[in-house]
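Asker: Got model.cif for you, mmCIF, C-alpha atoms:
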data_structure
loop_
_atom_site.label_atom_id
_atom_site.label_comp_id
_atom_site.auth_asym_id
_atom_site.auth_seq_id
_atom_site.Cartn_x
_atom_site.Cartn_y
_atom_site.Cartn_z
CA MET A 537 -29.39 24.54 7.11
CA SER A 538 -27.67 24.26 10.51
CA SER A 539 -29.83 23.94 13.62
CA SER A 540 -29.61 26.58 16.38
CA ASN A 541 -27.25 24.23 18.25
CA GLU A 542 -24.82 23.89 15.34
CA LYS A 543 -22.45 26.00 13.29
CA GLU A 544 -20.43 25.18 10.20
CA VAL A 545 -16.68 25.32 9.63
CA MET A 546 -14.88 24.19 6.46
CA GLY A 547 -18.14 22.58 5.34
CA ILE A 548 -18.44 20.52 8.55
CA LYS A 549 -21.25 21.05 11.04
CA ILE A 550 -20.00 21.34 14.62
CA PRO A 551 -21.63 22.00 18.02
CA LYS A 552 -22.39 25.66 18.74
CA GLY A 553 -20.35 25.54 21.95
CA TRP A 554 -17.10 24.71 20.13
CA LYS A 555 -14.70 27.48 19.17
CA VAL A 556 -13.43 28.00 15.63
CA VAL A 557 -9.75 28.97 15.31
CA LYS A 558 -7.30 29.57 12.50
CA LEU A 559 -4.43 27.12 12.48
CA LYS A 560 -1.85 29.95 12.61
CA ASP A 561 -3.37 31.21 15.88
CA ILE A 562 -2.62 27.96 17.75
CA CYS A 563 0.82 27.26 16.27
CA LYS A 564 4.28 28.74 16.88
CA LYS A 565 5.48 28.13 13.36
CA LEU A 566 4.18 26.87 10.01
CA LYS A 567 6.80 26.74 7.29
CA ALA A 568 7.59 24.69 4.19
CA GLY A 569 11.06 23.32 3.56
CA GLY A 570 13.39 23.26 0.58
CA THR A 571 15.71 20.94 -1.33
CA PRO A 572 19.48 21.39 -1.48
CA SER A 573 21.02 21.35 -4.95
CA THR A 574 21.18 17.74 -6.15
CA SER A 575 24.30 18.56 -8.19
CA ARG A 576 26.28 19.26 -5.01
CA LYS A 577 27.29 15.90 -3.51
CA GLU A 578 28.52 17.54 -0.32
CA PHE A 579 24.94 18.63 0.45
CA TRP A 580 23.71 15.03 0.73
CA ASN A 581 24.19 11.85 2.81
CA GLY A 582 24.86 13.76 6.00
CA ASN A 583 23.42 13.32 9.49
CA ILE A 584 20.14 15.25 9.06
CA PRO A 585 17.07 13.13 8.14
CA PHE A 586 15.41 14.68 5.06
CA VAL A 587 11.67 14.06 4.66
CA LYS A 588 10.01 13.48 1.31
CA ILE A 589 6.34 12.70 0.64
CA GLU A 590 7.02 8.95 0.47
CA ASP A 591 8.42 9.02 4.01
CA ILE A 592 5.16 10.50 5.31
CA SER A 593 3.06 8.06 3.27
CA SER A 594 4.92 5.05 4.68
CA ALA A 595 4.68 6.26 8.30
CA GLU A 596 1.60 4.80 10.00
CA LYS A 597 1.38 7.79 12.37
CA TYR A 598 4.82 8.56 13.75
CA LEU A 599 7.78 9.32 11.50
CA THR A 600 10.94 7.79 12.97
CA LYS A 601 13.23 7.51 9.93
CA THR A 602 13.73 8.80 6.39
CA LEU A 603 15.13 7.29 3.21
CA THR A 604 17.34 10.31 2.55
CA THR A 605 19.66 12.55 4.58
CA ILE A 606 21.31 15.91 3.99
CA SER A 607 24.43 17.52 5.45
CA GLU A 608 24.78 20.65 7.61
CA GLU A 609 26.12 22.40 4.52
CA GLY A 610 23.06 21.30 2.51
CA LEU A 611 20.81 22.70 5.24
CA LYS A 612 22.60 26.07 5.27
CA ASN A 613 22.52 26.40 1.49
CA SER A 614 18.81 25.72 0.96
CA ALA A 615 15.38 26.68 2.24
CA ALA A 616 15.31 23.51 4.36
CA TRP A 617 15.00 24.03 8.12
CA VAL A 618 15.04 21.71 11.14
CA VAL A 619 11.56 20.71 12.29
CA PRO A 620 11.70 19.63 15.96
CA LYS A 621 10.36 16.41 17.48
CA ASN A 622 6.61 16.18 18.12
CA SER A 623 5.74 18.48 15.26
CA LEU A 624 3.31 17.82 12.44
CA LEU A 625 4.42 17.19 8.87
CA PHE A 626 1.80 17.94 6.22
CA ALA A 627 1.96 17.27 2.45
CA MET A 628 0.78 20.30 0.47
CA TYR A 629 1.01 18.63 -2.93
CA GLY A 630 1.76 15.29 -4.45
CA SER A 631 -0.02 13.02 -1.98
CA LEU A 632 -2.17 15.93 -0.85
CA GLY A 633 -3.12 15.84 2.84
CA GLU A 634 -0.74 13.08 4.00
CA VAL A 635 0.22 13.77 7.60
CA ALA A 636 2.56 12.40 10.28
CA ILE A 637 3.99 13.30 13.67
CA THR A 638 7.76 13.46 13.68
CA LYS A 639 9.55 11.70 16.53
CA ILE A 640 12.98 12.86 15.36
CA GLU A 641 14.39 16.19 14.23
CA VAL A 642 14.06 16.43 10.43
CA ALA A 643 14.43 18.76 7.49
CA THR A 644 11.79 18.71 4.74
CA ASN A 645 11.43 19.54 1.09
CA GLN A 646 9.22 22.32 -0.29
CA ALA A 647 6.16 20.07 -0.66
CA ILE A 648 5.94 19.54 3.10
CA LEU A 649 4.79 22.02 5.72
CA GLY A 650 6.34 21.71 9.17
CA ILE A 651 3.81 22.69 11.85
CA ILE A 652 4.92 23.41 15.42
CA PRO A 653 1.90 23.75 17.73
CA ASN A 654 1.79 25.99 20.81
CA LYS A 655 2.77 24.34 24.11
CA ASP A 656 -0.85 23.98 25.24
CA ILE A 657 -1.92 22.29 21.98
CA ASP A 658 -1.69 18.51 21.76
CA VAL A 659 -0.05 17.63 18.44
CA GLU A 660 -2.03 14.36 18.46
CA PHE A 661 -5.32 16.26 18.33
CA LEU A 662 -4.06 18.22 15.32
CA TYR A 663 -2.89 14.98 13.70
CA TYR A 664 -6.34 13.40 14.01
CA TRP A 665 -8.07 16.54 12.76
CA PHE A 666 -5.80 16.71 9.69
CA LEU A 667 -6.36 13.00 9.08
CA TYR A 668 -10.14 13.46 9.28
CA PHE A 669 -10.05 16.52 7.03
CA LYS A 670 -7.83 14.89 4.37
CA PRO A 671 -10.65 14.25 1.81
CA TYR A 672 -11.72 17.93 1.98
CA TRP A 673 -8.39 19.57 1.08
CA LYS A 674 -8.91 19.36 -2.68
CA LYS A 675 -11.65 22.00 -2.39
CA TYR A 676 -9.08 24.49 -1.09
CA ALA A 677 -6.21 23.58 -3.43
CA LYS A 678 -5.07 25.84 -6.26
CA PRO A 679 -6.48 24.62 -9.61
CA THR A 680 -3.24 23.64 -11.36
CA THR A 681 -2.26 20.48 -13.26
CA GLN A 682 -1.52 18.93 -9.89
CA ALA A 683 -3.74 20.04 -6.99
CA ASN A 684 -1.54 22.17 -4.71
CA LEU A 685 -1.99 23.91 -1.38
CA THR A 686 0.16 26.79 -0.17
CA ALA A 687 1.48 27.51 3.30
CA GLU A 688 -0.81 30.58 3.36
CA ILE A 689 -3.93 28.51 2.62
CA VAL A 690 -3.08 26.01 5.37
CA LYS A 691 -2.15 28.73 7.91
CA ASN A 692 -5.55 30.37 7.46
CA THR A 693 -7.47 27.12 7.66
CA LYS A 694 -10.22 27.27 10.25
CA LEU A 695 -10.69 24.23 12.42
CA PRO A 696 -13.19 23.15 15.09
CA TYR A 697 -11.71 23.61 18.54
CA PRO A 698 -13.44 21.84 21.44
CA SER A 699 -12.49 22.36 25.08
CA GLU A 700 -9.18 21.02 26.41
CA GLU A 701 -10.97 18.18 28.23
CA GLU A 702 -12.81 17.18 25.06
CA ARG A 703 -9.63 17.31 23.00
CA LYS A 704 -7.85 15.03 25.48
CA THR A 705 -10.73 12.54 25.51
CA ILE A 706 -10.92 12.47 21.70
CA VAL A 707 -7.17 11.78 21.53
CA GLU A 708 -7.44 9.02 24.16
CA ILE A 709 -10.24 7.26 22.28
CA LEU A 710 -8.56 7.43 18.87
CA SER A 711 -5.13 6.53 20.29
CA THR A 712 -6.65 3.38 21.82
CA VAL A 713 -7.82 2.29 18.36
CA ASP A 714 -4.41 3.16 16.91
CA LYS A 715 -2.71 0.96 19.51
CA ALA A 716 -5.00 -1.92 18.55
CA ILE A 717 -4.10 -1.37 14.86
CA GLN A 718 -0.41 -1.32 15.78
CA LYS A 719 -0.72 -4.70 17.55
CA VAL A 720 -2.40 -6.16 14.48
CA ASP A 721 0.36 -4.69 12.29
CA GLU A 722 2.95 -6.41 14.48
CA ALA A 723 1.07 -9.72 14.15
CA ILE A 724 0.91 -9.28 10.35
CA GLU A 725 4.62 -8.51 10.20
CA LYS A 726 5.45 -11.57 12.31
CA THR A 727 3.27 -13.83 10.14
CA GLU A 728 4.80 -12.42 6.95
CA ARG A 729 8.30 -13.18 8.29
CA LEU A 730 7.15 -16.73 9.09
CA LYS A 731 5.73 -17.15 5.59
CA LYS A 732 8.90 -15.81 3.95
CA GLY A 733 11.08 -18.20 5.97
CA LEU A 734 8.84 -21.17 5.19
CA MET A 735 8.81 -20.33 1.48
CA GLN A 736 12.60 -20.10 1.35
CA ARG A 737 12.89 -23.45 3.10
CA LEU A 738 10.05 -25.44 1.51
CA LEU A 739 10.55 -24.26 -2.08
CA THR A 740 14.24 -25.22 -2.15
CA LYS A 741 14.66 -27.96 0.51
CA GLY A 742 11.20 -29.55 0.42
CA ILE A 743 9.95 -31.84 3.18
CA GLY A 744 12.16 -34.52 4.77
CA HIS A 745 14.88 -34.73 2.12
CA LYS A 746 18.46 -35.80 2.90
CA GLU A 747 20.06 -35.82 -0.54
CA PHE A 748 20.39 -32.69 -2.67
CA LYS A 749 21.82 -31.62 -6.03
CA TYR A 750 22.91 -28.26 -7.33
CA SER A 751 20.63 -26.74 -9.98
CA LYS A 752 22.47 -24.42 -12.41
CA GLU A 753 19.12 -23.16 -13.74
CA LEU A 754 17.97 -21.99 -10.30
CA GLY A 755 21.36 -21.25 -8.78
CA CYS A 756 20.72 -23.27 -5.60
CA GLU A 757 20.52 -26.78 -4.19
CA ILE A 758 17.25 -28.70 -4.50
CA PRO A 759 16.25 -32.25 -3.44
CA LYS A 760 17.79 -34.95 -5.64
CA GLU A 761 14.48 -36.26 -7.02
CA TRP A 762 13.08 -32.84 -7.91
CA LYS A 763 13.04 -31.64 -11.52
CA VAL A 764 13.47 -28.16 -12.95
CA VAL A 765 10.85 -27.32 -15.59
CA ARG A 766 9.74 -24.39 -17.70
CA LEU A 767 6.24 -23.01 -17.21
CA LYS A 768 5.30 -24.10 -20.73
CA ASP A 769 6.03 -27.72 -19.67
CA ILE A 770 3.37 -27.73 -16.95
CA CYS A 771 0.86 -25.01 -18.02
CA ILE A 772 -1.10 -23.73 -20.96
CA ILE A 773 -0.40 -20.01 -21.09
CA ASN A 774 -3.12 -17.54 -22.14
CA PRO A 775 -5.47 -20.29 -23.38
CA GLU A 776 -8.62 -18.21 -24.06
CA GLN A 777 -9.11 -14.77 -25.63
CA ILE A 778 -12.36 -12.86 -26.10
CA ASP A 779 -13.48 -9.40 -27.21
CA PRO A 780 -16.44 -8.60 -24.93
CA ARG A 781 -17.44 -5.59 -27.06
CA ILE A 782 -18.16 -7.89 -30.00
CA GLN A 783 -18.92 -11.29 -28.46
CA MET A 784 -21.02 -10.23 -25.43
CA PRO A 785 -21.92 -6.54 -25.77
CA ASN A 786 -25.01 -6.75 -23.55
CA ARG A 787 -23.61 -8.95 -20.80
CA ILE A 788 -22.07 -7.68 -17.58
CA PHE A 789 -18.82 -9.38 -16.58
CA LEU A 790 -16.38 -9.15 -13.66
CA TYR A 791 -13.12 -7.55 -14.71
CA ILE A 792 -9.75 -8.00 -12.99
CA ASP A 793 -7.02 -5.50 -13.79
CA ILE A 794 -3.55 -5.26 -12.24
CA SER A 795 -4.69 -2.81 -9.56
CA SER A 796 -7.27 -5.42 -8.46
CA VAL A 797 -4.57 -7.84 -7.33
CA GLU A 798 -2.10 -7.74 -4.47
CA GLU A 799 0.41 -10.41 -3.52
CA GLY A 800 -1.44 -13.73 -3.56
CA ARG A 801 -5.05 -12.53 -3.80
CA ILE A 802 -7.68 -10.76 -5.87
CA LYS A 803 -8.85 -7.94 -3.60
CA GLU A 804 -11.50 -6.35 -5.82
CA HIS A 805 -13.03 -6.28 -9.29
CA LYS A 806 -15.04 -4.05 -11.61
CA GLU A 807 -18.44 -4.88 -13.11
CA ILE A 808 -18.46 -3.87 -16.77
CA LEU A 809 -20.99 -4.12 -19.59
CA GLY A 810 -19.45 -5.93 -22.57
CA LYS A 811 -19.82 -3.05 -25.04
CA ASN A 812 -18.04 -0.74 -22.58
CA ALA A 813 -15.10 -3.09 -22.00
CA PRO A 814 -11.61 -1.57 -21.95
CA VAL A 815 -9.29 -2.62 -24.77
CA ARG A 816 -7.18 -4.75 -22.38
CA ALA A 817 -10.18 -6.79 -21.15
CA ARG A 818 -9.47 -9.89 -23.21
CA ARG A 819 -8.28 -12.91 -21.20
CA VAL A 820 -10.84 -15.44 -19.97
CA ILE A 821 -10.07 -16.96 -16.56
CA HIS A 822 -11.34 -20.07 -14.79
CA LYS A 823 -11.24 -21.46 -11.27
CA ASN A 824 -7.70 -22.54 -10.24
CA ASP A 825 -5.98 -20.60 -13.03
CA VAL A 826 -3.02 -18.60 -11.79
CA ILE A 827 -2.85 -15.02 -13.05
CA MET A 828 0.56 -13.37 -13.13
CA SER A 829 1.13 -9.70 -13.86
CA THR A 830 3.67 -9.38 -16.66
CA VAL A 831 3.96 -5.62 -16.11
CA ARG A 832 6.38 -4.85 -13.24
CA PRO A 833 6.21 -8.49 -12.05
CA TYR A 834 8.46 -7.66 -9.07
CA LEU A 835 5.35 -6.05 -7.47
CA LYS A 836 3.94 -9.60 -7.26
CA ALA A 837 0.41 -8.95 -8.51
CA PHE A 838 -0.13 -12.72 -8.82
CA ALA A 839 -3.16 -14.67 -7.61
CA LEU A 840 -5.07 -17.93 -7.81
CA VAL A 841 -8.51 -17.54 -9.41
CA PRO A 842 -11.27 -18.50 -6.93
CA GLU A 843 -14.62 -19.95 -7.98
CA GLN A 844 -16.47 -16.60 -8.03
CA TYR A 845 -14.36 -15.48 -11.01
CA ASP A 846 -14.83 -18.66 -13.06
CA GLY A 847 -15.54 -17.63 -16.66
CA GLN A 848 -14.77 -13.94 -16.05
CA ILE A 849 -12.17 -11.70 -17.72
CA CYS A 850 -8.79 -10.25 -16.76
CA SER A 851 -6.46 -7.73 -18.36
CA THR A 852 -3.91 -8.61 -21.01
CA GLY A 853 -1.43 -7.24 -18.45
CA PHE A 854 -1.65 -10.71 -16.90
CA ALA A 855 -0.39 -14.04 -18.16
CA VAL A 856 -3.08 -16.65 -17.44
CA LEU A 857 -1.51 -19.97 -16.44
CA ARG A 858 -3.79 -22.99 -16.72
CA CYS A 859 -2.14 -25.85 -14.86
CA ASN A 860 -1.86 -29.43 -16.02
CA GLN A 861 -3.32 -30.89 -12.82
CA ASN A 862 -1.46 -34.17 -13.38
CA LYS A 863 1.85 -32.33 -13.15
CA ILE A 864 1.44 -29.31 -10.88
CA ASN A 865 -0.72 -28.08 -8.01
CA SER A 866 -2.13 -24.59 -8.68
CA TYR A 867 -1.38 -23.36 -5.16
CA TYR A 868 2.17 -24.69 -5.35
CA LEU A 869 2.66 -22.85 -8.65
CA LEU A 870 1.43 -19.59 -7.13
CA TYR A 871 3.86 -19.82 -4.20
CA THR A 872 6.72 -20.71 -6.52
CA LEU A 873 5.99 -17.67 -8.71
CA LEU A 874 6.00 -15.46 -5.61
CA SER A 875 9.40 -16.79 -4.51
CA ASP A 876 12.56 -14.69 -4.73
CA LYS A 877 14.09 -17.14 -7.22
CA THR A 878 11.30 -16.59 -9.76
CA ILE A 879 11.15 -12.83 -9.20
CA ASP A 880 14.91 -12.64 -9.80
CA GLN A 881 14.40 -14.43 -13.14
CA CYS A 882 11.65 -11.94 -14.05
CA LYS A 883 13.89 -8.97 -13.22
CA ALA A 884 16.67 -10.36 -15.40
CA MET A 885 14.33 -10.85 -18.39
CA MET A 886 11.96 -7.86 -18.34
CA VAL A 887 12.38 -4.98 -20.77
CA GLY A 888 11.05 -1.44 -20.91
CA GLY A 889 11.57 1.81 -19.03
CA GLN A 890 8.81 3.13 -16.76
CA TYR A 891 6.71 -0.06 -17.03
CA PRO A 892 9.16 -2.96 -17.51
CA ALA A 893 7.39 -6.13 -18.60
CA LEU A 894 7.71 -9.74 -19.73
CA ASN A 895 6.43 -11.06 -23.05
CA GLN A 896 4.66 -14.42 -23.42
CA SER A 897 7.80 -16.24 -24.57
CA GLN A 898 9.69 -15.06 -21.49
CA VAL A 899 6.86 -16.23 -19.23
CA GLU A 900 6.82 -19.62 -20.95
CA ASN A 901 10.53 -20.05 -20.27
CA LEU A 902 10.54 -19.16 -16.57
CA LYS A 903 12.09 -22.09 -14.67
CA ILE A 904 10.69 -23.50 -11.44
CA PRO A 905 11.52 -26.46 -9.16
CA LEU A 906 9.05 -29.34 -9.49
CA PRO A 907 8.65 -31.84 -6.63
CA PRO A 908 6.39 -34.92 -6.91
CA LEU A 909 2.71 -33.94 -6.92
CA LYS A 910 2.02 -35.21 -3.36
CA GLU A 911 4.89 -33.14 -1.97
CA GLN A 912 3.66 -30.10 -3.90
CA GLN A 913 0.26 -30.51 -2.21
CA LYS A 914 1.84 -30.76 1.27
CA ILE A 915 3.96 -27.64 0.67
CA ALA A 916 0.89 -25.77 -0.62
CA GLU A 917 -1.16 -26.83 2.44
CA ILE A 918 1.50 -25.56 4.88
CA LEU A 919 1.81 -22.19 3.13
CA SER A 920 -1.97 -21.89 2.68
CA THR A 921 -2.44 -22.31 6.45
CA VAL A 922 -0.09 -19.36 7.05
CA ASP A 923 -1.88 -17.36 4.35
CA LYS A 924 -5.25 -17.95 6.05
CA LYS A 925 -3.83 -16.59 9.30
CA LEU A 926 -2.45 -13.60 7.41
CA GLU A 927 -5.81 -12.98 5.75
CA LEU A 928 -7.59 -13.04 9.14
CA GLU A 929 -5.10 -10.52 10.55
CA LYS A 930 -5.58 -8.23 7.54
CA LYS A 931 -9.35 -8.39 7.94
CA ARG A 932 -8.95 -7.49 11.62
CA LYS A 933 -6.90 -4.46 10.62
CA GLU A 934 -9.53 -3.41 8.06
CA LYS A 935 -12.20 -3.69 10.78
CA PHE A 936 -10.22 -1.48 13.20
CA GLU A 937 -9.59 1.04 10.43
CA ARG A 938 -13.34 1.23 9.72
CA ILE A 939 -13.96 1.76 13.45
CA LYS A 940 -11.33 4.52 13.54
CA LYS A 941 -12.81 6.25 10.50
CA GLY A 942 -16.29 6.14 12.03
CA LEU A 943 -15.02 7.46 15.37
CA MET A 944 -13.17 10.35 13.71
CA GLU A 945 -16.34 11.23 11.82
CA VAL A 946 -18.47 11.53 14.95
CA LEU A 947 -15.86 12.79 17.45
CA LEU A 948 -14.08 15.44 15.42
CA SER A 949 -17.34 16.94 14.19
CA GLY A 950 -18.96 16.77 17.64
CA LYS A 951 -21.81 14.53 16.44
CA VAL A 952 -21.13 12.45 19.56
CA GLY A 953 -20.16 14.53 22.57
CA VAL A 954 -17.35 13.51 24.92
CA ARG A 955 -17.63 16.35 27.45
CA VAL A 956 -16.35 15.13 30.84
#
Would you mind writing the file's structure down as structure tokens?
Answerer:
Amino acid sequence: MSSSNEKEVMGIKIPKGWKVVKLKDICKKLKAGGTPSTSRKEFWNGNIPFVKIEDISSAEKYLTKTLTTISEEGLKNSAAWVVPKNSLLFAMYGSLGEVAITKIEVATNQAILGIIPNKDIDVEFLYYWFLYFKPYWKKYAKPTTQANLTAEIVKNTKLPYPSEEERKTIVEILSTVDKAIQKVDEAIEKTERLKKGLMQRLLTKGIGHKEFKYSKELGCEIPKEWKVVRLKDICIINPEQIDPRIQMPNRIFLYIDISSVEEGRIKEHKEILGKNAPVRARRVIHKNDVIMSTVRPYLKAFALVPEQYDGQICSTGFAVLRCNQNKINSYYLLYTLLSDKTIDQCKAMMVGGQYPALNQSQVENLKIPLPPLKEQQKIAEILSTVDKKLELEKKRKEKFERIKKGLMEVLLSGKVGVRV
């Protein structure tokens, strides 16, 4: 039950003093786009940016470019229309609820609603409200195979509407956090460029070498005393298998699947009772093993196993590489697997359509450069230092994103007032 000082809109309690408006009453135009015929080449690759869902998803807040363009003729011969700068783009299906502010004139496909607010309405306020409301849209979507909204549903959406002063203050507060996130993003991007440059240099030129030889296997020069080896020469691959449903039905284990891993690190895990284990939960992992996704390896879901996962289980979608510590440093191996040279080998070998993959034999025969062990350790230390900096920056971003989420929760519902 709402108190006498509250009212409810779209399932959200708001202060009684706030207005409630329909989106169509504060906007000049709300209209979906269309797609020119893909069989007509003259409709494409013109000078009009053409927005698809993935363009909105990749935009942090402002959309400044698109992957695809259409021609004037394509625009005229389709339902596409030109959405002006400083309008809102909203995904009605696919990635339901994705939103961005366009900073260029664009055309859109039929999945995207272009929203042009009235002159007195700050598009940034609408952006933050749509962002806040994103988890709620599924309740209003049409129950089809894929949850869809329609332009009519969105037009008639009711939204909380505080005073102009409050709207401005809310935008100022949230924009300040966004600027902080942007600075962190820039620092992450800079550190990633540094890491990429160091990897290219260290993993082919090493440290302090003056004499080099050409390696046919790798297609590049490497230091004269380095070797080129296959993974099977320096690792045991997939050394331990287990069926948790049979061998430990009443024990809970930590499970790592491919979605749990991003480039260079395990970001999460699942806790699963042995008898409920998925069919792919089979490979036992130990501290300092390197796990390498064999499914779409170009996505680089590779990581070093830290101590907390010692004795746990990963998916058969990974190859588990147990290093011969007398021959190779585990961290060095990880960085080498993440290098462009190794990824290029994977791309050349993998087979399959939607989910191209490597088999165990192909993994065993991947070739890598092998410096002396001491040099491997030095290379790993340099790259690990950069990785630690990168990890700190990513944690900073996560912290700011939590702050932003919390602020949207209290500001856009009026739980914390900002009346000036």
Asker: Using the chain letters and numbers from the file, which residues does the PyMOL selection byres ((chain A and resi 751) around 12) grab, as a PyMOL selection string?
Answerer: chain A and resi 740+748-750+752-765+877+903-906
Asker: Using the chain letters and residue numbers of this document, give as a PDB file with C-alpha atoms, in the coordinates of the input the residues selected by the PyMOL selection byres ((chain A and resi 670) around 12).
Answerer:
ATOM      1  CA  MET A 546     -14.880  24.190   6.460  1.00  0.00           C
ATOM      2  CA  PHE A 626       1.800  17.940   6.220  1.00  0.00           C
ATOM      3  CA  ALA A 627       1.960  17.270   2.450  1.00  0.00           C
ATOM      4  CA  MET A 628       0.780  20.300   0.470  1.00  0.00           C
ATOM      5  CA  SER A 631      -0.020  13.020  -1.980  1.00  0.00           C
ATOM      6  CA  LEU A 632      -2.170  15.930  -0.850  1.00  0.00           C
ATOM      7  CA  GLY A 633      -3.120  15.840   2.840  1.00  0.00           C
ATOM      8  CA  GLU A 634      -0.740  13.080   4.000  1.00  0.00           C
ATOM      9  CA  VAL A 635       0.220  13.770   7.600  1.00  0.00           C
ATOM     10  CA  TYR A 663      -2.890  14.980  13.700  1.00  0.00           C
ATOM     11  CA  TYR A 664      -6.340  13.400  14.010  1.00  0.00           C
ATOM     12  CA  TRP A 665      -8.070  16.540  12.760  1.00  0.00           C
ATOM     13  CA  PHE A 666      -5.800  16.710   9.690  1.00  0.00           C
ATOM     14  CA  LEU A 667      -6.360  13.000   9.080  1.00  0.00           C
ATOM     15  CA  TYR A 668     -10.140  13.460   9.280  1.00  0.00           C
ATOM     16  CA  PHE A 669     -10.050  16.520   7.030  1.00  0.00           C
ATOM     17  CA  PRO A 671     -10.650  14.250   1.810  1.00  0.00           C
ATOM     18  CA  TYR A 672     -11.720  17.930   1.980  1.00  0.00           C
ATOM     19  CA  TRP A 673      -8.390  19.570   1.080  1.00  0.00           C
ATOM     20  CA  LYS A 674      -8.910  19.360  -2.680  1.00  0.00           C
ATOM     21  CA  LYS A 675     -11.650  22.000  -2.390  1.00  0.00           C
ATOM     22  CA  TYR A 676      -9.080  24.490  -1.090  1.00  0.00           C
ATOM     23  CA  ALA A 677      -6.210  23.580  -3.430  1.00  0.00           C
ATOM     24  CA  LYS A 941     -12.810   6.250  10.500  1.00  0.00           C
ATOM     25  CA  MET A 944     -13.170  10.350  13.710  1.00  0.00           C
ATOM     26  CA  GLU A 945     -16.340  11.230  11.820  1.00  0.00           C
TER      27      GLU A 945
END
Asker: Quick one, how far is atom CA of Glu725 of chain A from atom CA of Arg932 of chain A?
Answerer: 13.7 Å
Asker: Find the residues around segment 782-789 of chain A up to 8 Å (all atoms listed in the file counted), leave out those fewer than 2 positions away in its own chain, and share them as a VMD selection string.
Answerer: chain A and resid 778 to 780 791 807 to 812 848 to 849
Asker: Please determine, counting only C-alpha atoms, which residue among A:Pro814, A:Pro907, A:Gly744, A:Pro833 has the shortest atom-to-atom distance to Lys863 of chain A.
Answerer: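 Under the stated criterion, the closest residue is A:Pro907.
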Asker: Work out how far apart atom CA of Lys940 of chain A and atom CA of Val545 of chain A are and give it in Å to one decimal.
Answerer: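 Atom-to-atom, atom CA of Lys940 of chain A and atom CA of Val545 of chain A are spaced 21.8 Å apart.
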Asker: Which is closest to Ile592 of chain A among A:Ile637, A:Ile879, A:Glu701, A:His745, if we use all atoms listed in the file?
Answerer: A:Ile637
Asker: Using Å and a single decimal, report how far atom CA of Lys621 of chain A sits from atom CA of Asn692 of chain A.
Answerer: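 Between atom CA of Asn692 of chain A and atom CA of Lys621 of chain A the gap works out to 23.4 Å.
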Asker: Counting all atoms listed in the file, which residue out of A:Ile915, A:Leu695, A:Leu599, A:Ile802 sits closest to Lys543 of chain A?
Answerer: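 Checking each candidate against Lys543 of chain A, we get A:Leu695 as the closest.
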Asker: Write out as a list in words which residues come within 9 Å of Ala616 of chain A when counting only C-alpha atoms, dropping same-chain ones fewer than 2 positions away.
Answerer: Ala568, Gly569, Gly570, Thr571, Pro572, Phe586, Gly610, Leu611, Lys612, Asn613, Ser614, Val618, Ala643, Thr644, Asn645 and Gln646 of chain A
Asker: Running the PyMOL selection byres ((chain A and resi 841-844) around 9) on this model by hand, what would come out? Give it as a PyMOL selection string.
Answerer: chain A and resi 801-802+821-827+839-840+845-848
Asker: With all atoms listed in the file as the basis for distance, which of A:Arg832, A:Lys715, A:Lys768, A:Lys746 is at the shortest distance from Gly853 of chain A?
Answerer: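 Comparing A:Arg832, A:Lys715, A:Lys768, A:Lys746 against Gly853 of chain A, the winner is A:Arg832.
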Asker: Near Ile792 of chain A, counting only C-alpha atoms, which residues have an atom at most 6 Å away, once you skip same-chain residues fewer than 3 positions from it, shown as JSON, numbers by chain?
Answerer: {"A": [796, 805, 850]}
Asker: Those selected residues, please, written with C-alpha atoms and delivered as an mmCIF file, keeping the file's coordinate frame.
Answerer:
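Output file again27.cif follows:
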data_model
loop_
_atom_site.group_PDB
_atom_site.id
_atom_site.type_symbol
_atom_site.label_atom_id
_atom_site.label_comp_id
_atom_site.auth_asym_id
_atom_site.auth_seq_id
_atom_site.Cartn_x
_atom_site.Cartn_y
_atom_site.Cartn_z
ATOM 1 C CA SER A 796 -7.270 -5.420 -8.460
ATOM 2 C CA HIS A 805 -13.030 -6.280 -9.290
ATOM 3 C CA CYS A 850 -8.790 -10.250 -16.760
#
Asker: Find the spatial neighbours of Gln861 of chain A, counting all atoms listed in the file, within a cut-off of 10 Å - ignore same-chain residues fewer than 4 positions away - and output them as a ChimeraX atom specification.
Answerer: /A:770-771,824,865-866,909
Asker: When distances are computed from all atoms listed in the file, which of A:Ala636, A:Val797, A:Ile606, A:Val556 shows the smallest separation from Ser699 of chain A?
Answerer: A:Val556
Asker: Show which residues sit within 12 Å of Ala716 of chain A, as JSON, numbers by chain. Count all atoms listed in the file, and ignore same-chain residues fewer than 6 positions away.
Answerer: {"A": [709, 710, 722, 723, 929, 932, 933, 934, 935, 936, 937, 939, 940]}
